[in-house]
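Working notes, structure below.
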Amino acid sequence: MSQGNSDVPVPVEDQACTVRQVLDRVGGKWSIGILVAASKGPVRFTELERSVEGISRRMLTLTLRQLERDGLLVRTVYPTVPPKVEYRATEIALELYDSLVTLTTWAERHRATIAAARESYDREHGLTPVS
């Protein structure tokens with residue numbers, strides 16, 4: 001006899017994302033730049049592509065889809081030729097804005113120090129530098 005019963009609804013709290021999943025999404029390599037840009041107002045795909053350094057079109061598309069699915073972005077398609085598509089941050093994403101800016105500012109301020117620490121560590125441990 002089977003233990004599972006697919007007819008029994010699973011409570012919403014049991015379906016909720018784990019904290020780790022949420023942090024992985026909002027702290028992802030590309031998510032931070034996208035969310036910061038979209039928090040300033042509606043932004044188009046090409047603007048994001050230019051502003052998020054190093055992201056490929058495919059990765060931008062996938063990340064936008066994931067952020068939209070998670071309720072952090074809203075995608076609006078305007079009936080023009082060619083179609084105009086804009087992304088904007090939702091209320092829950094806007095709550096993150098100050099934290100994300102603080103994090104990126106911290107990273108900018110300390111990136112040279114971190115790079116020097118890595119170089120020193122690699123030299124002390126006889127490692128080949130990793131980029």
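Letters for chains follow the order of the structure tokens (A, B, ...), residue numbers begin at 1 for each chain, and ligand numbers begin at 1 in the order shown.
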
Polymer residues at most 10 Å from region 20-25 of chain A, only C-alpha atoms, same-chain spacing of 5 or more positions, as an mmCIF file with N, CA, C and O atoms, in the first residue's frame:
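Saved file part-v8.cif follows:
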data_model
loop_
_atom_site.group_PDB
_atom_site.id
_atom_site.type_symbol
_atom_site.label_atom_id
_atom_site.label_comp_id
_atom_site.auth_asym_id
_atom_site.auth_seq_id
_atom_site.Cartn_x
_atom_site.Cartn_y
_atom_site.Cartn_z
ATOM 1 N N TRP A 30 24.197 37.352 -10.696
ATOM 2 C CA TRP A 30 23.595 38.324 -11.599
ATOM 3 C C TRP A 30 22.401 39.039 -10.979
ATOM 4 O O TRP A 30 22.053 40.147 -11.397
ATOM 5 N N SER A 31 21.768 38.432 -10.020
ATOM 6 C CA SER A 31 20.527 38.977 -9.452
ATOM 7 C C SER A 31 20.717 40.348 -8.824
ATOM 8 O O SER A 31 19.864 41.227 -8.969
ATOM 9 N N ILE A 32 21.818 40.535 -8.112
ATOM 10 C CA ILE A 32 22.025 41.803 -7.404
ATOM 11 C C ILE A 32 22.017 42.976 -8.384
ATOM 12 O O ILE A 32 21.293 43.950 -8.187
ATOM 13 N N THR A 63 17.872 34.600 -15.647
ATOM 14 C CA THR A 63 17.803 35.262 -14.344
ATOM 15 C C THR A 63 16.552 36.122 -14.236
ATOM 16 O O THR A 63 15.883 36.132 -13.192
ATOM 17 N N GLN A 66 13.673 33.822 -13.539
ATOM 18 C CA GLN A 66 13.687 33.331 -12.152
ATOM 19 C C GLN A 66 13.229 34.421 -11.181
ATOM 20 O O GLN A 66 12.452 34.152 -10.262
ATOM 21 N N LEU A 67 13.698 35.638 -11.382
ATOM 22 C CA LEU A 67 13.305 36.735 -10.498
ATOM 23 C C LEU A 67 11.819 37.071 -10.657
ATOM 24 O O LEU A 67 11.153 37.408 -9.676
ATOM 25 N N ASP A 70 9.886 34.345 -8.848
ATOM 26 C CA ASP A 70 9.974 34.511 -7.400
ATOM 27 C C ASP A 70 9.238 35.749 -6.883
ATOM 28 O O ASP A 70 9.263 36.032 -5.691
ATOM 29 N N LEU A 72 9.923 38.921 -7.591
ATOM 30 C CA LEU A 72 10.812 40.052 -7.345
ATOM 31 C C LEU A 72 10.795 41.068 -8.488
ATOM 32 O O LEU A 72 11.150 42.228 -8.291
#

Legend entry - Spatial neighbours of region 34-44 of chain A, 10 Å, only C-alpha atoms, chain gap at least 5 places, as a ChimeraX atom specification: /A:26-27,29,49,51-52,60,63-64,67,72-76,84-91,93-101,104

Just the selected residues (N, CA and C atoms), exported as a compact mmCIF listing (two decimals), in the first residue's frame, please.
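Output (result-v4.txt):
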# COMPACT_ATOMS: atom_id res chain seq x y z
N VAL A 26 18.45 36.01 -4.34
CA VAL A 26 18.69 37.45 -4.29
C VAL A 26 20.17 37.78 -4.22
N GLY A 27 20.99 36.85 -3.77
CA GLY A 27 22.42 37.10 -3.68
C GLY A 27 23.19 36.48 -4.82
N LYS A 29 24.92 35.73 -8.47
CA LYS A 29 25.92 36.48 -9.22
C LYS A 29 25.31 37.61 -10.06
N GLU A 49 21.23 44.52 -20.06
CA GLU A 49 22.36 43.85 -20.70
C GLU A 49 23.61 44.73 -20.67
N SER A 51 24.10 47.28 -18.44
CA SER A 51 24.47 47.69 -17.09
C SER A 51 25.01 46.56 -16.22
N VAL A 52 24.66 45.31 -16.52
CA VAL A 52 25.14 44.18 -15.72
C VAL A 52 26.36 43.60 -16.43
N LEU A 60 21.00 36.47 -18.74
CA LEU A 60 20.09 37.55 -18.38
C LEU A 60 18.65 37.09 -18.51
N THR A 63 17.87 34.60 -15.65
CA THR A 63 17.80 35.26 -14.34
C THR A 63 16.55 36.12 -14.24
N LEU A 64 16.21 36.83 -15.30
CA LEU A 64 14.97 37.63 -15.30
C LEU A 64 13.76 36.73 -15.07
N LEU A 67 13.70 35.64 -11.38
CA LEU A 67 13.30 36.74 -10.50
C LEU A 67 11.82 37.07 -10.66
N LEU A 72 9.92 38.92 -7.59
CA LEU A 72 10.81 40.05 -7.35
C LEU A 72 10.80 41.07 -8.49
N LEU A 73 10.39 40.62 -9.66
CA LEU A 73 10.27 41.50 -10.83
C LEU A 73 8.90 41.31 -11.48
N VAL A 74 8.44 42.38 -12.11
CA VAL A 74 7.23 42.30 -12.93
C VAL A 74 7.66 42.63 -14.36
N ARG A 75 7.23 41.80 -15.29
CA ARG A 75 7.55 41.98 -16.71
C ARG A 75 6.31 42.53 -17.38
N THR A 76 6.48 43.65 -18.11
CA THR A 76 5.37 44.27 -18.83
C THR A 76 5.72 44.32 -20.31
N LYS A 84 7.83 46.20 -26.92
CA LYS A 84 8.63 46.84 -25.88
C LYS A 84 8.38 46.08 -24.59
N VAL A 85 9.46 45.64 -23.93
CA VAL A 85 9.35 44.88 -22.69
C VAL A 85 10.12 45.62 -21.61
N GLU A 86 9.46 45.83 -20.48
CA GLU A 86 10.11 46.48 -19.34
C GLU A 86 10.01 45.59 -18.11
N TYR A 87 10.99 45.74 -17.24
CA TYR A 87 11.01 45.03 -15.97
C TYR A 87 11.05 46.06 -14.86
N ARG A 88 10.29 45.81 -13.81
CA ARG A 88 10.36 46.69 -12.64
C ARG A 88 10.36 45.85 -11.38
N ALA A 89 10.97 46.39 -10.36
CA ALA A 89 11.05 45.69 -9.08
C ALA A 89 9.69 45.74 -8.38
N THR A 90 9.34 44.66 -7.72
CA THR A 90 8.11 44.60 -6.94
C THR A 90 8.39 45.21 -5.55
N GLU A 91 7.34 45.33 -4.77
CA GLU A 91 7.49 45.88 -3.42
C GLU A 91 8.49 45.08 -2.60
N ALA A 93 11.01 43.35 -3.64
CA ALA A 93 12.36 43.60 -4.16
C ALA A 93 12.84 44.99 -3.73
N LEU A 94 11.92 45.96 -3.71
CA LEU A 94 12.31 47.31 -3.30
C LEU A 94 12.76 47.35 -1.84
N GLU A 95 12.24 46.45 -1.02
CA GLU A 95 12.70 46.36 0.37
C GLU A 95 14.18 46.00 0.44
N LEU A 96 14.68 45.31 -0.56
CA LEU A 96 16.08 44.87 -0.60
C LEU A 96 17.05 45.95 -1.07
N TYR A 97 16.54 46.97 -1.72
CA TYR A 97 17.39 47.93 -2.41
C TYR A 97 18.53 48.47 -1.54
N ASP A 98 18.22 49.02 -0.38
CA ASP A 98 19.26 49.61 0.46
C ASP A 98 20.32 48.58 0.86
N SER A 99 19.87 47.36 1.17
CA SER A 99 20.81 46.31 1.55
C SER A 99 21.71 45.93 0.39
N LEU A 100 21.15 45.83 -0.81
CA LEU A 100 21.94 45.47 -1.98
C LEU A 100 22.95 46.56 -2.33
N VAL A 101 22.53 47.81 -2.22
CA VAL A 101 23.45 48.92 -2.50
C VAL A 101 24.56 48.94 -1.46
N THR A 104 26.96 46.08 -2.40
CA THR A 104 27.79 46.37 -3.58
C THR A 104 28.80 47.49 -3.30

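Listed by chain and then by rising number, the residues of chain A that DSSP assigns to strand (DSSP E or B) from the backbone are A:Val43, A:Arg44, A:Leu73, A:Val74, A:Arg75, A:Thr76, A:Val77, A:Tyr78, A:Lys84, A:Val85, A:Glu86, A:Tyr87, A:Arg88, A:Ala89.
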
Selected residues written out with N, CA and C atoms, as a CSV table (one decimal), in the first residue's frame:
chain,number,residue,atom,x,y,z
A,43,VAL,N,13.0,49.2,-16.4
A,43,VAL,CA,14.2,49.0,-17.2
A,43,VAL,C,14.0,48.0,-18.3
A,44,ARG,N,14.6,48.3,-19.5
A,44,ARG,CA,14.4,47.4,-20.6
A,44,ARG,C,15.6,46.4,-20.6
A,73,LEU,N,10.4,40.6,-9.7
A,73,LEU,CA,10.3,41.5,-10.8
A,73,LEU,C,8.9,41.3,-11.5
A,74,VAL,N,8.4,42.4,-12.1
A,74,VAL,CA,7.2,42.3,-12.9
A,74,VAL,C,7.7,42.6,-14.4
A,75,ARG,N,7.2,41.8,-15.3
A,75,ARG,CA,7.5,42.0,-16.7
A,75,ARG,C,6.3,42.5,-17.4
A,76,THR,N,6.5,43.7,-18.1
A,76,THR,CA,5.4,44.3,-18.8
A,76,THR,C,5.7,44.3,-20.3
A,77,VAL,N,4.8,43.8,-21.1
A,77,VAL,CA,5.0,43.8,-22.6
A,77,VAL,C,4.0,44.8,-23.2
A,78,TYR,N,4.6,45.7,-23.9
A,78,TYR,CA,3.7,46.7,-24.6
A,78,TYR,C,3.5,46.3,-26.0
A,84,LYS,N,7.8,46.2,-26.9
A,84,LYS,CA,8.6,46.8,-25.9
A,84,LYS,C,8.4,46.1,-24.6
A,85,VAL,N,9.5,45.6,-23.9
A,85,VAL,CA,9.3,44.9,-22.7
A,85,VAL,C,10.1,45.6,-21.6
A,86,GLU,N,9.5,45.8,-20.5
A,86,GLU,CA,10.1,46.5,-19.3
A,86,GLU,C,10.0,45.6,-18.1
A,87,TYR,N,11.0,45.7,-17.2
A,87,TYR,CA,11.0,45.0,-16.0
A,87,TYR,C,11.1,46.1,-14.9
A,88,ARG,N,10.3,45.8,-13.8
A,88,ARG,CA,10.4,46.7,-12.6
A,88,ARG,C,10.4,45.8,-11.4
A,89,ALA,N,11.0,46.4,-10.4
A,89,ALA,CA,11.1,45.7,-9.1
A,89,ALA,C,9.7,45.7,-8.4

Inset, instruction - If you run DSSP over the backbone, which residues in region 12-131 of chain A end up alpha helix (DSSP H)? Put them as a PyMOL selection string. - result: chain A and resi 12-15+19-26+31-39+45-51+57-69+91-124
